[in-house]
file coords07.cif (mmCIF, C-alpha atoms)
data_protein
#
loop_
_atom_site.label_atom_id
_atom_site.label_comp_id
_atom_site.auth_asym_id
_atom_site.auth_seq_id
_atom_site.Cartn_x
_atom_site.Cartn_y
_atom_site.Cartn_z
CA MET E 1197 0.00 0.00 0.00
CA HIS E 1198 2.52 2.72 1.02
CA ASP E 1199 6.02 2.43 -0.35
CA GLN E 1200 9.69 3.45 -0.64
CA ASP E 1201 11.92 3.47 -3.69
CA SER E 1202 14.27 0.50 -3.56
CA ALA E 1203 17.60 0.31 -5.35
CA VAL E 1204 18.04 -3.36 -4.46
CA PRO E 1205 17.09 -5.77 -7.28
CA LEU E 1206 14.05 -7.93 -6.56
CA SER E 1207 16.09 -11.14 -6.92
CA LEU E 1208 18.54 -10.00 -4.22
CA GLN E 1209 15.70 -8.97 -1.92
CA ARG E 1210 14.16 -12.43 -2.25
CA ARG E 1211 17.53 -14.09 -1.72
CA ASP E 1212 17.97 -12.09 1.50
CA ARG E 1213 14.48 -13.09 2.63
CA LEU E 1214 15.23 -16.77 1.99
CA GLN E 1215 18.48 -16.49 3.93
CA THR E 1216 16.61 -14.87 6.82
CA LEU E 1217 13.99 -17.62 6.70
CA THR E 1218 16.70 -20.30 6.75
CA ILE E 1219 18.34 -18.80 9.81
CA LYS E 1220 15.03 -18.40 11.66
CA CYS E 1221 13.89 -21.92 10.78
CA HIS E 1222 17.19 -23.29 12.12
CA ARG E 1223 16.69 -21.41 15.38
CA ASN E 1224 13.06 -22.47 15.62
CA TRP E 1225 13.97 -26.09 14.90
CA ASN E 1226 16.21 -26.11 17.95
CA GLY E 1227 13.17 -24.88 19.87
CA VAL E 1228 11.04 -27.65 18.36
CA LYS E 1229 13.33 -30.32 19.76
CA ASN E 1230 12.94 -28.86 23.24
CA GLY E 1231 9.58 -27.10 23.17
CA GLY E 1232 7.11 -29.63 21.80
CA TRP E 1233 3.98 -28.85 19.81
CA ARG E 1234 3.84 -25.15 20.65
CA ALA E 1235 7.22 -24.61 19.06
CA ILE E 1236 6.17 -26.68 16.03
CA CYS E 1237 3.15 -24.43 15.56
CA ARG E 1238 5.35 -21.34 15.75
CA LEU E 1239 7.69 -22.81 13.16
CA ALA E 1240 4.83 -23.66 10.78
CA ARG E 1241 3.23 -20.24 11.14
CA GLY E 1242 6.52 -18.47 10.53
CA ALA E 1243 7.26 -20.60 7.47
CA LEU E 1244 3.84 -19.85 5.95
CA ARG E 1245 4.20 -16.13 6.49
CA ALA E 1246 7.70 -16.08 5.06
CA LEU E 1247 6.58 -18.13 2.05
CA SER E 1248 3.83 -15.58 1.46
CA ALA E 1249 6.35 -12.75 1.56
CA VAL E 1250 8.78 -14.49 -0.79
CA ILE E 1251 6.16 -15.49 -3.38
CA ALA E 1252 4.24 -12.24 -3.31
CA GLY E 1253 7.37 -10.12 -3.43
CA PRO E 1254 8.88 -7.77 -0.87
CA ARG E 1255 6.87 -5.20 0.97
CA ARG E 1256 7.44 -1.68 -0.19
CA LYS E 1257 8.17 1.09 2.28
CA THR E 1258 7.94 4.80 2.81
CA SER E 1259 9.73 7.02 5.26
CA VAL E 1260 7.42 8.67 7.76
CA ALA E 1261 8.83 8.83 11.28
CA GLY E 1262 11.29 6.15 10.21
CA ASN E 1263 10.87 3.34 7.74
CA CYS E 1264 7.25 2.27 7.86
CA THR E 1265 5.79 -0.73 6.12
CA VAL E 1266 2.29 -1.64 5.11
CA ALA E 1267 1.24 -4.60 3.03
CA THR E 1268 1.31 -4.12 -0.71
CA SER E 1269 2.26 -6.12 -3.73
CA THR E 1270 4.73 -5.50 -6.48
CA ARG E 1271 2.73 -8.07 -8.46
CA GLY E 1272 -0.85 -6.94 -8.68
CA HIS E 1273 -3.11 -8.26 -5.92
CA ARG E 1274 -0.97 -11.20 -4.79
CA ARG E 1275 0.01 -9.62 -1.49
CA THR E 1276 -3.61 -8.86 -0.63
CA ALA E 1277 -4.67 -12.39 -1.57
CA PHE E 1278 -1.92 -14.06 0.48
CA ASP E 1279 -2.66 -11.85 3.48
CA GLY E 1280 -6.31 -12.85 3.23
CA TRP E 1281 -5.52 -16.57 3.06
CA LEU E 1282 -3.12 -16.39 6.00
CA GLY E 1283 -5.26 -14.09 8.10
CA ARG E 1284 -2.48 -11.52 8.44
CA GLY E 1285 -1.73 -7.93 7.42
CA SER E 1286 -4.51 -6.47 9.60
CA MET E 1287 -4.48 -2.73 10.23
CA PHE E 1288 -5.81 -0.27 12.78
CA VAL E 1289 -6.97 3.32 12.30
CA LEU E 1290 -9.85 4.15 14.67
CA SER E 1291 -11.27 2.70 17.84
CA GLU E 1292 -14.99 2.71 18.61
CA ALA E 1293 -14.50 5.69 20.92
CA GLY E 1294 -12.51 7.56 18.27
CA ALA E 1295 -15.17 6.98 15.62
CA ARG E 1296 -17.94 8.09 18.00
CA ARG E 1297 -16.05 11.27 18.82
CA LEU E 1298 -15.31 12.17 15.19
CA VAL E 1299 -18.82 11.48 13.95
CA GLY E 1300 -20.33 13.22 16.97
CA ALA E 1301 -18.12 16.30 16.48
CA ALA E 1302 -19.39 16.41 12.89
CA GLY E 1303 -22.95 16.76 14.16
CA ALA E 1304 -23.95 13.36 12.79
CA ARG E 1305 -25.34 10.31 14.52
CA CYS E 1306 -24.31 6.70 14.33
CA GLY E 1307 -27.05 4.37 13.16
CA GLY E 1308 -28.62 3.22 9.93
CA ALA E 1309 -26.40 1.76 7.22
CA ILE E 1310 -22.63 1.91 6.81
CA VAL E 1311 -20.51 0.77 3.85
CA ASP E 1312 -16.76 0.24 3.92
CA VAL E 1313 -15.43 0.70 0.37
CA GLY E 1314 -12.30 -1.33 -0.31
CA ALA E 1315 -12.64 -2.89 3.11
CA GLY E 1316 -9.81 -5.43 2.99
CA ASP E 1317 -10.36 -7.96 5.76
CA GLY E 1318 -12.73 -5.58 7.57
CA GLU E 1319 -10.54 -5.17 10.64
CA VAL E 1320 -10.28 -1.39 10.30
CA SER E 1321 -14.03 -0.69 10.25
CA ARG E 1322 -15.00 -3.70 12.38
CA ARG E 1323 -14.17 -1.77 15.53
CA PHE E 1324 -16.98 0.72 14.98
CA ALA E 1325 -19.24 -0.75 12.26
CA HIS E 1326 -21.48 -2.27 14.94
CA LEU E 1327 -22.59 1.27 15.80
CA TYR E 1328 -24.73 0.99 12.66
CA SER E 1329 -27.62 -1.40 12.25
CA ASP E 1330 -26.62 -2.57 8.77
CA LYS E 1331 -23.04 -2.96 7.59
CA PHE E 1332 -21.96 -3.42 3.99
CA ALA E 1333 -18.59 -3.67 2.26
CA THR E 1334 -16.92 -3.84 -1.14
CA GLU E 1335 -13.67 -5.67 -1.84
CA ILE E 1336 -11.95 -7.11 -4.91
CA SER E 1337 -9.88 -9.86 -3.27
CA SER E 1338 -11.77 -13.15 -2.96
CA SER E 1339 -9.85 -14.17 0.18
CA MET E 1340 -10.64 -10.83 1.81
CA ARG E 1341 -14.31 -11.13 0.81
CA LYS E 1342 -14.41 -14.43 2.66
CA ALA E 1343 -13.02 -12.72 5.76
CA LEU E 1344 -15.61 -9.96 5.45
CA LYS E 1345 -18.46 -12.46 5.27
CA SER E 1346 -17.20 -14.13 8.44
CA LYS E 1347 -17.41 -10.74 10.19
CA GLY E 1348 -21.04 -10.22 9.21
CA TYR E 1349 -20.63 -7.77 6.33
CA THR E 1350 -23.03 -7.85 3.41
CA LEU E 1351 -20.92 -7.70 0.26
CA LEU E 1352 -21.82 -5.34 -2.56
CA ASP E 1353 -20.68 -5.24 -6.16
CA THR E 1354 -17.57 -3.09 -6.58
CA GLU E 1355 -18.98 -1.38 -9.68
CA ASP E 1356 -22.49 -0.35 -8.63
CA TRP E 1357 -22.40 -0.22 -4.81
CA HIS E 1358 -23.20 3.51 -4.93
CA GLY E 1359 -26.67 2.74 -6.28
CA SER E 1360 -27.78 2.36 -2.65
CA GLN E 1361 -27.97 4.97 0.11
CA PHE E 1362 -25.88 4.91 3.29
CA ASP E 1363 -25.68 6.96 6.47
CA CYS E 1364 -21.92 6.54 6.53
CA VAL E 1365 -19.56 5.83 3.63
CA CYS E 1366 -16.11 4.74 4.76
CA MET E 1367 -13.06 5.19 2.55
CA LEU E 1368 -10.21 4.33 4.85
CA ASN E 1369 -6.81 4.69 3.18
CA LEU E 1370 -8.40 4.10 -0.20
CA VAL E 1371 -8.18 7.25 -2.33
CA ASP E 1372 -4.37 7.01 -2.51
CA ARG E 1373 -4.62 3.34 -3.45
CA CYS E 1374 -7.14 3.41 -6.28
CA SER E 1375 -6.68 4.36 -9.92
CA HIS E 1376 -9.61 6.82 -10.14
CA PRO E 1377 -9.99 8.56 -6.76
CA ARG E 1378 -12.05 11.44 -8.16
CA ALA E 1379 -14.59 9.01 -9.57
CA MET E 1380 -14.60 7.16 -6.25
CA LEU E 1381 -15.42 10.38 -4.40
CA ARG E 1382 -18.25 11.16 -6.83
CA SER E 1383 -19.66 7.69 -6.12
CA ALA E 1384 -19.41 8.33 -2.38
CA ARG E 1385 -21.34 11.58 -2.71
CA ALA E 1386 -24.06 9.86 -4.72
CA ALA E 1387 -24.35 7.11 -2.11
CA LEU E 1388 -24.86 9.37 0.92
CA ALA E 1389 -28.35 9.37 2.39
CA PRO E 1390 -29.76 12.67 3.69
CA GLY E 1391 -27.73 13.56 6.77
CA GLY E 1392 -25.08 11.01 5.83
CA VAL E 1393 -21.33 11.53 6.16
CA LEU E 1394 -18.14 10.39 4.45
CA LEU E 1395 -15.56 8.97 6.87
CA LEU E 1396 -12.25 9.17 5.03
CA ALA E 1397 -8.67 8.36 6.04
CA LEU E 1398 -5.60 9.37 4.05
CA VAL E 1399 -1.94 8.74 4.83
CA LEU E 1400 0.23 11.85 4.55
CA PRO E 1401 2.55 12.73 2.98
CA TYR E 1402 0.56 11.86 -0.12
CA LYS E 1403 2.29 9.08 -2.07
CA PRO E 1404 -0.26 7.25 -4.23
CA TYR E 1405 0.42 3.63 -5.12
CA VAL E 1406 -1.94 1.43 -7.13
CA GLU E 1407 -1.48 -2.34 -7.05
CA ALA E 1408 -3.44 -3.04 -10.21
CA THR E 1409 -1.69 -0.74 -12.70
CA ALA E 1410 1.52 -1.63 -14.53
CA ASP E 1411 3.40 1.46 -13.36
CA HIS E 1412 1.62 1.52 -9.97
CA LYS E 1413 0.48 5.09 -10.61
CA PRO E 1414 -3.12 6.33 -10.47
CA VAL E 1415 -4.87 7.52 -13.61
CA GLU E 1416 -6.18 10.42 -11.53
CA ARG E 1417 -3.68 11.99 -9.16
CA LEU E 1418 -5.13 14.18 -6.42
CA PRO E 1419 -3.85 17.80 -6.38
CA ILE E 1420 -2.40 17.62 -2.87
CA GLU E 1421 0.47 20.00 -2.25
CA GLY E 1422 2.60 21.10 0.67
CA ALA E 1423 5.84 20.21 2.43
CA THR E 1424 4.39 19.46 5.87
CA PHE E 1425 1.58 17.29 7.21
CA GLU E 1426 -0.51 20.37 8.06
CA GLU E 1427 0.00 21.96 4.63
CA GLN E 1428 -1.12 18.78 2.90
CA VAL E 1429 -4.18 18.56 5.16
CA GLY E 1430 -5.16 22.09 4.13
CA SER E 1431 -4.57 21.30 0.45
CA PHE E 1432 -6.67 18.13 0.62
CA VAL E 1433 -9.54 19.84 2.46
CA ALA E 1434 -9.57 22.58 -0.20
CA PHE E 1435 -9.71 19.94 -2.93
CA MET E 1436 -12.58 18.17 -1.17
CA ARG E 1437 -14.52 21.42 -0.98
CA GLU E 1438 -14.09 21.87 -4.71
CA SER E 1439 -15.40 18.32 -5.06
CA GLY E 1440 -18.58 19.16 -3.14
CA PHE E 1441 -17.66 18.13 0.41
CA GLU E 1442 -17.56 20.26 3.55
CA LEU E 1443 -15.20 19.30 6.38
CA ARG E 1444 -17.07 18.65 9.63
CA SER E 1445 -14.31 17.19 11.83
CA TRP E 1446 -10.86 15.68 11.50
CA SER E 1447 -8.03 14.14 13.49
CA ARG E 1448 -4.45 12.96 13.13
CA ALA E 1449 -4.07 9.30 14.06
CA PRO E 1450 -1.41 6.57 13.92
CA TYR E 1451 -2.12 4.04 11.18
CA LEU E 1452 -0.89 0.71 12.53
CA CYS E 1453 -0.06 -2.31 10.41
CA GLU E 1454 0.83 -5.85 11.42
CA GLY E 1455 4.56 -6.30 10.96
CA ASP E 1456 7.00 -8.95 9.83
CA PHE E 1457 10.18 -10.71 11.00
CA ALA E 1458 11.98 -7.41 11.54
CA GLN E 1459 9.34 -5.58 13.60
CA ALA E 1460 6.04 -6.45 15.23
CA TYR E 1461 4.16 -3.35 14.00
CA TYR E 1462 4.72 -0.49 11.58
CA TRP E 1463 3.03 2.88 11.65
CA LEU E 1464 2.23 5.82 9.40
CA ASP E 1465 0.62 9.23 9.98
CA ASP E 1466 -3.04 9.08 9.02
CA SER E 1467 -5.34 12.05 8.58
CA VAL E 1468 -8.94 11.06 9.33
CA TYR E 1469 -11.86 13.24 8.26
CA VAL E 1470 -15.63 13.41 8.43
CA PHE E 1471 -17.11 15.20 5.41
CA ALA E 1472 -20.71 16.09 4.55
CA PRO E 1473 -22.09 17.03 1.13
CA LEU E 1474 -21.58 20.76 0.69
CA GLU E 1475 -25.24 21.73 0.35
CA ALA E 1476 -26.11 19.69 3.45
CA ALA E 1477 -23.40 21.43 5.46
CA LYS E 1478 -24.83 24.92 4.86
#

call {"tool": "encode", "arguments": {"input": "coords07.cif", "output": "structure tokens"}}
result
Amino acid sequence: MHDQDSAVPLSLQRRDRLQTLTIKCHRNWNGVKNGGWRAICRLARGALRALSAVIAGPRRKTSVAGNCTVATSTRGHRRTAFDGWLGRGSMFVLSEAGARRLVGAAGARCGGAIVDVGAGDGEVSRRFAHLYSDKFATEISSSMRKALKSKGYTLLDTEDWHGSQFDCVCMLNLVDRCSHPRAMLRSARAALAPGGVLLLALVLPYKPYVEATADHKPVERLPIEGATFEEQVGSFVAFMRESGFELRSWSRAPYLCEGDFAQAYYWLDDSVYVFAPLEAAK
């Protein structure tokens, strides 16, 4: 999802990963001989996760408060699919209390229907989706769709989901990861019921990366400018106003991602907003 430029050839990165896996398996095997079934389970889990990383390609990084990693693929949707199969790569943006506070500060109420667009495994919105009576989601990955079903989401078609009306449309770290973010925002506006709000999260600094395109660049790049976090927030809010959305409330939050062999968790700076359609905000 969010990435750094790497000067190391892919083949060398995979070789290093295999060497790391060999070393860790050797250490874990010594634990197997002395630790019984629990150690065997740890070894098997580690091997599966490492195999996923090697096959799907290395994670790509960006530098925000250090080197931060979130799951993405250099080969289309393979990373997302493997994460879904292995039940890993979960992320955290907002708690239930945080969502209540943001939505409440926007003058909106929880309740009715919520849709998480590009929901992944549903872990990000799961923490507050129960505040709404009906929860829906869209997702391309078949393995992630299976995870969403298990969490009680009703799945909608990724092409015509905006034909329905929702009290809350969630786009959490999506507009910098899709090819046509402007079109996505127009769909969100069309899908908002009267009094509904758009709950949107965006990692800053803005560095779009699209898994599905050959060059990993969006067809539509958002006009976000500025050298600092605050300047980019102001630029994005101005763009959203031009797109027909009024800012109601916002917050800066740590975007946490499940880690890898090197580190348990990685983090990025997320800007989280609640927008209302411009005419409704007047």

call {"tool": "atom_distance", "arguments": {"input": "coords07.cif", "atom1": "atom CA of Leu1327 of chain E", "atom2": "atom CA of Val1468 of chain E"}}
result
18.0 Å

call {"tool": "atom_distance", "arguments": {"input": "coords07.cif", "atom1": "atom CA of Phe1332 of chain E", "atom2": "atom CA of Glu1292 of chain E"}}
result
17.3 Å

call {"tool": "resolve_selection", "arguments": {"input": "coords07.cif", "expression": "the PyMOL selection byres ((chain E and resi 1333-1341) around 6)", "output": "VMD selection string"}}
result
chain E and resid 1277 1280 to 1281 1311 to 1317 1332 1342 to 1344 1351 to 1352 1354

call {"tool": "resolve_selection", "arguments": {"input": "coords07.cif", "expression": "the PyMOL selection byres ((chain E and resi 1400-1405) around 6)", "output": "JSON, numbers by chain"}}
result
{"E": [1372, 1373, 1399, 1406, 1412, 1413]}

call {"tool": "resolve_selection", "arguments": {"input": "coords07.cif", "expression": "the PyMOL selection byres ((chain E and resi 1362-1364) around 6)", "output": "list in words"}}
result
Gly1308, Ala1309, Ile1310, Gln1361, Val1365, Leu1388, Ala1389, Gly1392, Val1393 and Leu1394 of chain E

call {"tool": "residues_around", "arguments": {"input": "coords07.cif", "residues": "Ala1434 of chain E", "least_positions_apart": "6", "cutoff": "10 Å", "atoms": "all atoms listed in the file", "output": "MDAnalysis selection string"}}
result
chainID E and resid 1419:1420 1428 1441:1443

call {"tool": "closest_residue", "arguments": {"input": "coords07.cif", "among": "E:Cys1374, E:Ala1449, E:Leu1298, E:Leu1398", "to": "Arg1417 of chain E", "atoms": "all atoms listed in the file"}}
result
E:Cys1374

call {"tool": "atom_distance", "arguments": {"input": "coords07.cif", "atom1": "atom CA of Ser1329 of chain E", "atom2": "atom CA of Val1299 of chain E"}}
result
15.7 Å

call {"tool": "closest_residue", "arguments": {"input": "coords07.cif", "among": "E:Tyr1462, E:Trp1357, E:Tyr1349, E:Phe1471", "to": "Ala1304 of chain E", "atoms": "all atoms listed in the file"}}
result
E:Phe1471

call {"tool": "residues_around", "arguments": {"input": "coords07.cif", "residues": "Val1470 of chain E", "least_positions_apart": "4", "cutoff": "6 Å", "atoms": "only C-alpha atoms", "output": "PDB file with C-alpha atoms, in the frame of the given file"}}
result
ATOM      1  CA  LEU E1394     -18.140  10.390   4.450  1.00  0.00           C
ATOM      2  CA  LEU E1395     -15.560   8.970   6.870  1.00  0.00           C
ATOM      3  CA  ARG E1444     -17.070  18.650   9.630  1.00  0.00           C
ATOM      4  CA  SER E1445     -14.310  17.190  11.830  1.00  0.00           C
TER       5      SER E1445
END

call {"tool": "closest_residue", "arguments": {"input": "coords07.cif", "among": "E:Val1429, E:Phe1435, E:Gly1307, E:Pro1377", "to": "Arg1448 of chain E", "atoms": "all atoms listed in the file"}}
result
E:Val1429

call {"tool": "build_atoms", "arguments": {"input": "coords07.cif", "residues": "segment 1381-1403 of chain E", "atoms": "N, CA, C and O atoms", "output": "PDB file, in the frame of the given file"}}
result
ATOM      1  N   LEU E1381     -14.801   9.371  -5.260  1.00  0.00           N
ATOM      2  CA  LEU E1381     -15.420  10.380  -4.400  1.00  0.00           C
ATOM      3  C   LEU E1381     -16.787  10.795  -4.941  1.00  0.00           C
ATOM      4  O   LEU E1381     -17.717  11.059  -4.164  1.00  0.00           O
ATOM      5  N   ARG E1382     -16.932  10.856  -6.257  1.00  0.00           N
ATOM      6  CA  ARG E1382     -18.250  11.160  -6.830  1.00  0.00           C
ATOM      7  C   ARG E1382     -19.240  10.048  -6.483  1.00  0.00           C
ATOM      8  O   ARG E1382     -20.414  10.325  -6.180  1.00  0.00           O
ATOM      9  N   SER E1383     -18.789   8.812  -6.498  1.00  0.00           N
ATOM     10  CA  SER E1383     -19.660   7.690  -6.120  1.00  0.00           C
ATOM     11  C   SER E1383     -20.060   7.799  -4.659  1.00  0.00           C
ATOM     12  O   SER E1383     -21.217   7.531  -4.291  1.00  0.00           O
ATOM     13  N   ALA E1384     -19.110   8.191  -3.811  1.00  0.00           N
ATOM     14  CA  ALA E1384     -19.410   8.330  -2.380  1.00  0.00           C
ATOM     15  C   ALA E1384     -20.474   9.398  -2.152  1.00  0.00           C
ATOM     16  O   ALA E1384     -21.402   9.220  -1.348  1.00  0.00           O
ATOM     17  N   ARG E1385     -20.361  10.496  -2.867  1.00  0.00           N
ATOM     18  CA  ARG E1385     -21.340  11.580  -2.710  1.00  0.00           C
ATOM     19  C   ARG E1385     -22.729  11.122  -3.146  1.00  0.00           C
ATOM     20  O   ARG E1385     -23.734  11.446  -2.497  1.00  0.00           O
ATOM     21  N   ALA E1386     -22.770  10.361  -4.228  1.00  0.00           N
ATOM     22  CA  ALA E1386     -24.060   9.860  -4.720  1.00  0.00           C
ATOM     23  C   ALA E1386     -24.688   8.859  -3.768  1.00  0.00           C
ATOM     24  O   ALA E1386     -25.913   8.711  -3.735  1.00  0.00           O
ATOM     25  N   ALA E1387     -23.852   8.180  -2.981  1.00  0.00           N
ATOM     26  CA  ALA E1387     -24.350   7.110  -2.110  1.00  0.00           C
ATOM     27  C   ALA E1387     -24.761   7.598  -0.729  1.00  0.00           C
ATOM     28  O   ALA E1387     -25.280   6.804   0.061  1.00  0.00           O
ATOM     29  N   LEU E1388     -24.529   8.868  -0.417  1.00  0.00           N
ATOM     30  CA  LEU E1388     -24.860   9.370   0.920  1.00  0.00           C
ATOM     31  C   LEU E1388     -26.354   9.655   1.051  1.00  0.00           C
ATOM     32  O   LEU E1388     -26.934  10.389   0.249  1.00  0.00           O
ATOM     33  N   ALA E1389     -26.948   9.078   2.078  1.00  0.00           N
ATOM     34  CA  ALA E1389     -28.350   9.370   2.390  1.00  0.00           C
ATOM     35  C   ALA E1389     -28.436  10.767   2.996  1.00  0.00           C
ATOM     36  O   ALA E1389     -27.420  11.327   3.431  1.00  0.00           O
ATOM     37  N   PRO E1390     -29.615  11.368   3.041  1.00  0.00           N
ATOM     38  CA  PRO E1390     -29.760  12.670   3.690  1.00  0.00           C
ATOM     39  C   PRO E1390     -29.225  12.624   5.124  1.00  0.00           C
ATOM     40  O   PRO E1390     -29.578  11.740   5.906  1.00  0.00           O
ATOM     41  N   GLY E1391     -28.350  13.554   5.448  1.00  0.00           N
ATOM     42  CA  GLY E1391     -27.730  13.560   6.770  1.00  0.00           C
ATOM     43  C   GLY E1391     -26.528  12.635   6.890  1.00  0.00           C
ATOM     44  O   GLY E1391     -25.917  12.558   7.951  1.00  0.00           O
ATOM     45  N   GLY E1392     -26.194  11.943   5.797  1.00  0.00           N
ATOM     46  CA  GLY E1392     -25.080  11.010   5.830  1.00  0.00           C
ATOM     47  C   GLY E1392     -23.731  11.707   5.753  1.00  0.00           C
ATOM     48  O   GLY E1392     -23.627  12.863   5.355  1.00  0.00           O
ATOM     49  N   VAL E1393     -22.671  10.966   6.144  1.00  0.00           N
ATOM     50  CA  VAL E1393     -21.330  11.530   6.160  1.00  0.00           C
ATOM     51  C   VAL E1393     -20.341  10.569   5.496  1.00  0.00           C
ATOM     52  O   VAL E1393     -20.561   9.352   5.428  1.00  0.00           O
ATOM     53  N   LEU E1394     -19.253  11.153   5.014  1.00  0.00           N
ATOM     54  CA  LEU E1394     -18.140  10.390   4.450  1.00  0.00           C
ATOM     55  C   LEU E1394     -17.021  10.359   5.487  1.00  0.00           C
ATOM     56  O   LEU E1394     -16.497  11.405   5.878  1.00  0.00           O
ATOM     57  N   LEU E1395     -16.677   9.169   5.944  1.00  0.00           N
ATOM     58  CA  LEU E1395     -15.560   8.970   6.870  1.00  0.00           C
ATOM     59  C   LEU E1395     -14.360   8.537   6.046  1.00  0.00           C
ATOM     60  O   LEU E1395     -14.354   7.440   5.480  1.00  0.00           O
ATOM     61  N   LEU E1396     -13.357   9.394   5.954  1.00  0.00           N
ATOM     62  CA  LEU E1396     -12.250   9.170   5.030  1.00  0.00           C
ATOM     63  C   LEU E1396     -10.917   9.273   5.764  1.00  0.00           C
ATOM     64  O   LEU E1396     -10.706  10.192   6.567  1.00  0.00           O
ATOM     65  N   ALA E1397     -10.027   8.327   5.485  1.00  0.00           N
ATOM     66  CA  ALA E1397      -8.670   8.360   6.040  1.00  0.00           C
ATOM     67  C   ALA E1397      -7.668   8.411   4.897  1.00  0.00           C
ATOM     68  O   ALA E1397      -7.842   7.745   3.870  1.00  0.00           O
ATOM     69  N   LEU E1398      -6.617   9.205   5.080  1.00  0.00           N
ATOM     70  CA  LEU E1398      -5.600   9.370   4.050  1.00  0.00           C
ATOM     71  C   LEU E1398      -4.234   9.507   4.703  1.00  0.00           C
ATOM     72  O   LEU E1398      -4.033  10.370   5.557  1.00  0.00           O
ATOM     73  N   VAL E1399      -3.300   8.644   4.311  1.00  0.00           N
ATOM     74  CA  VAL E1399      -1.940   8.740   4.830  1.00  0.00           C
ATOM     75  C   VAL E1399      -1.240   9.932   4.186  1.00  0.00           C
ATOM     76  O   VAL E1399      -1.306  10.146   2.983  1.00  0.00           O
ATOM     77  N   LEU E1400      -0.579  10.725   5.026  1.00  0.00           N
ATOM     78  CA  LEU E1400       0.230  11.850   4.550  1.00  0.00           C
ATOM     79  C   LEU E1400       1.652  11.707   5.068  1.00  0.00           C
ATOM     80  O   LEU E1400       1.850  11.247   6.193  1.00  0.00           O
ATOM     81  N   PRO E1401       2.655  12.051   4.273  1.00  0.00           N
ATOM     82  CA  PRO E1401       2.550  12.730   2.980  1.00  0.00           C
ATOM     83  C   PRO E1401       1.928  11.857   1.911  1.00  0.00           C
ATOM     84  O   PRO E1401       2.022  10.635   1.952  1.00  0.00           O
ATOM     85  N   TYR E1402       1.297  12.528   0.946  1.00  0.00           N
ATOM     86  CA  TYR E1402       0.560  11.860  -0.120  1.00  0.00           C
ATOM     87  C   TYR E1402       1.520  11.194  -1.097  1.00  0.00           C
ATOM     88  O   TYR E1402       2.306  11.866  -1.776  1.00  0.00           O
ATOM     89  N   LYS E1403       1.465   9.861  -1.144  1.00  0.00           N
ATOM     90  CA  LYS E1403       2.290   9.080  -2.070  1.00  0.00           C
ATOM     91  C   LYS E1403       1.423   7.960  -2.646  1.00  0.00           C
ATOM     92  O   LYS E1403       1.421   6.839  -2.136  1.00  0.00           O
TER      93      LYS E1403
END
